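Enquirer: Have a look at the structure that comes next, please.
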Amino acid sequence: MDILDYAFMQRALLAAVLVGITAPAVGIYLVQRRQALMGDGIGHVAMTGVGLGFLLSWSPVWMATAVSVLGAVLMELIRWYGRTRGDIALAMLFYGGMAGGVMFINLAPTGSNANLTSYLFGSLSTVSESDVSAICILAAFVILVTVGLRRQLFAVSQDEEFARVTGLPVRALNLLTAITAAVTVTVAMRVVGLLLVSALMVVPVAAAQQLSRSFAATFAISVAIGVSVTIGGTVTSYYQDVPPGATIVLLTIGAFVLLTALATPLARRRARAAAAAQPVGDPAECSIPATRGTGD
């Protein structure tokens, strides 16, 4: 394949695979916590980090990581203590992050709106070797956390009170989830873009849930979808000269629509099979619930 003859496409494809793994791996916990838009908020904050990176002549990826982690921690603190004013504080954090990014990158001697656009919507040709090195390190951290602590993170995402009763450090795990989401945003921004990364964290998980309700299966399917659409979007972007971030997100939404269409008749067939398997007895309104008296 001629696409692999170019070093920038090799870097872009490697970054795309890592993004396809990490984004759904974190997104499944955010969906369980009903924080599907958290990635979008972190993306706004990360813009300040990108702008500071250009202003201070440091790596925009590492600077965005530091600012995103700080923003994610502040978001969690606001969620704990903000109460009725929490939504206002979050709005100020998000829009302040976006405004800060625009301001800093325009003050930078080597910065311009064109530089910012490549981080907002993704750019294949600008993925450098240093970017790939940073992405590999950050992706390893995300995978280590999301896979190594999957039981604890799932328990906290499902029911914080129950997790607290069982002795889990709920606040520490919540902070770790937020930090991991922030790291994932910076991993994905060179391929998908800061404004579109939230879709790649959420939509593959929603698509996987159309086929499975178990956590392990949903995790595996969502990662498979993520890798497929990121590779497909990157290759399509190269051959058709279209924006990679938008292409990847549209493919992700297409996968969701397709799996939803396939899952609907399967769900109906399973429901009919379950109904046919029930023994003939009293009418439903007179029947005794199956769990009563069983000790479950």
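Labeling convention for the structure tokens: chains A, B, ... as they appear, residues from 1 per chain, ligands from 1 in order of appearance.
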Can you tell me, as a list in words, what residues are no more than 8 Å from segment 153-162 of chain A when counting only C-alpha atoms, ignoring any on the same chain fewer than 5 positions away?
Expert: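 Contacts, with the query itself left out: Tyr29, Leu30, Gln32, Arg33, Thr146, Val170, Leu173, Asn174 and Thr177 of chain A.
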Enquirer: Could you write out, as a ChimeraX atom specification, all the residues of segment 63-240 of chain A that DSSP marks as helix (DSSP H, G or I)?
Expert: /A:63-81,83-107,113-121,129-148,150-158,160-165,170-188,197-208,215-240
Enquirer: My list of candidates is A:Gly226, A:Arg190, A:Thr264, A:Tyr238. Which is closest to Ser128 of chain A when distances are computed with only C-alpha atoms?
Expert: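 Closest candidate: A:Arg190.
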Enquirer: Please measure the separation of atom CA of Val17 of chain A and atom CA of Gln240 of chain A, giving the value in Å to one decimal.
Expert: 19.7 Å
Enquirer: Taking only C-alpha atoms into account, name the residue in A:Ala99, A:Met63, A:Val185, A:Ala263 that is nearest to Gly122 of chain A.
Expert: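 Counting only C-alpha atoms, the residue closest to Gly122 of chain A is A:Val185.
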Enquirer: Under the rule that only C-alpha atoms are counted, which of A:Pro244, A:Gly233, A:Gly254, A:Gly49 is the nearest residue to Ser123 of chain A?
Expert: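 Looking at the shortest contact to Ser123 of chain A, the residue is A:Pro244.
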Enquirer: Of the candidates A:Leu74, A:Ile28, A:Leu14, A:Leu251, which one gets nearest to Cys136 of chain A if we count only C-alpha atoms?
Expert: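 Closest candidate: A:Leu14.
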Enquirer: Pick out the closest residue to Gly245 of chain A from this set: A:Ala89, A:Phe121, A:Leu55, A:Arg269. Count only C-alpha atoms.
Expert: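 Closest candidate: A:Phe121.
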Enquirer: List the neighbours of segment 221-223 of chain A out to 6 Å using only C-alpha atoms; skip same-chain residues closer than 6 positions along the sequence, and give me the result as a PyMOL selection string.
Expert: chain A and resi 21+24+204-205+208
Enquirer: I need the residue nearest Gly101 of chain A from this list: A:Ala12, A:Leu176, A:Leu4, A:Ala64. Use only C-alpha atoms for the distance.
Expert: A:Ala64
Enquirer: To one decimal place in Å, what is the distance between atom CA of Thr234 of chain A and atom CA of Val145 of chain A?
Expert: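 Going from atom CA of Thr234 of chain A over to atom CA of Val145 of chain A, I get 26.5 Å.
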Enquirer: Please provide as a list in words all residues within 9 Å of Met47 of chain A, with the sequence filter that same-chain residues fewer than 4 positions apart are discarded (counting only C-alpha atoms).
Expert: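 In the requested form, the answer reads Ile42, Gly43, Gly51, Leu52, Ala64, Val67, Ser68, Gly97, Met98, Ala99, Gly100, Gly101, Val102, Leu116, Tyr119, Leu120 and Leu194 of chain A.
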Enquirer: At what distance in Å, to one decimal, does atom CA of Thr186 of chain A lie from atom CA of Gly71 of chain A?
Expert: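 Computing it gives 12.5 Å between the two atoms.
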Enquirer: So that I can see what lies close to Met38 of chain A, please list as a list in words the residues with an atom at most 10 Å from it, counting only C-alpha atoms and leaving out residues fewer than 6 positions away in the same chain.
Expert: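 Using only C-alpha atoms, the neighbours found are Gly27, Leu30, Val31, Ala72, Met75, Ala178, Ala181, Ala182, Ser198, Met201 and Val202 of chain A.
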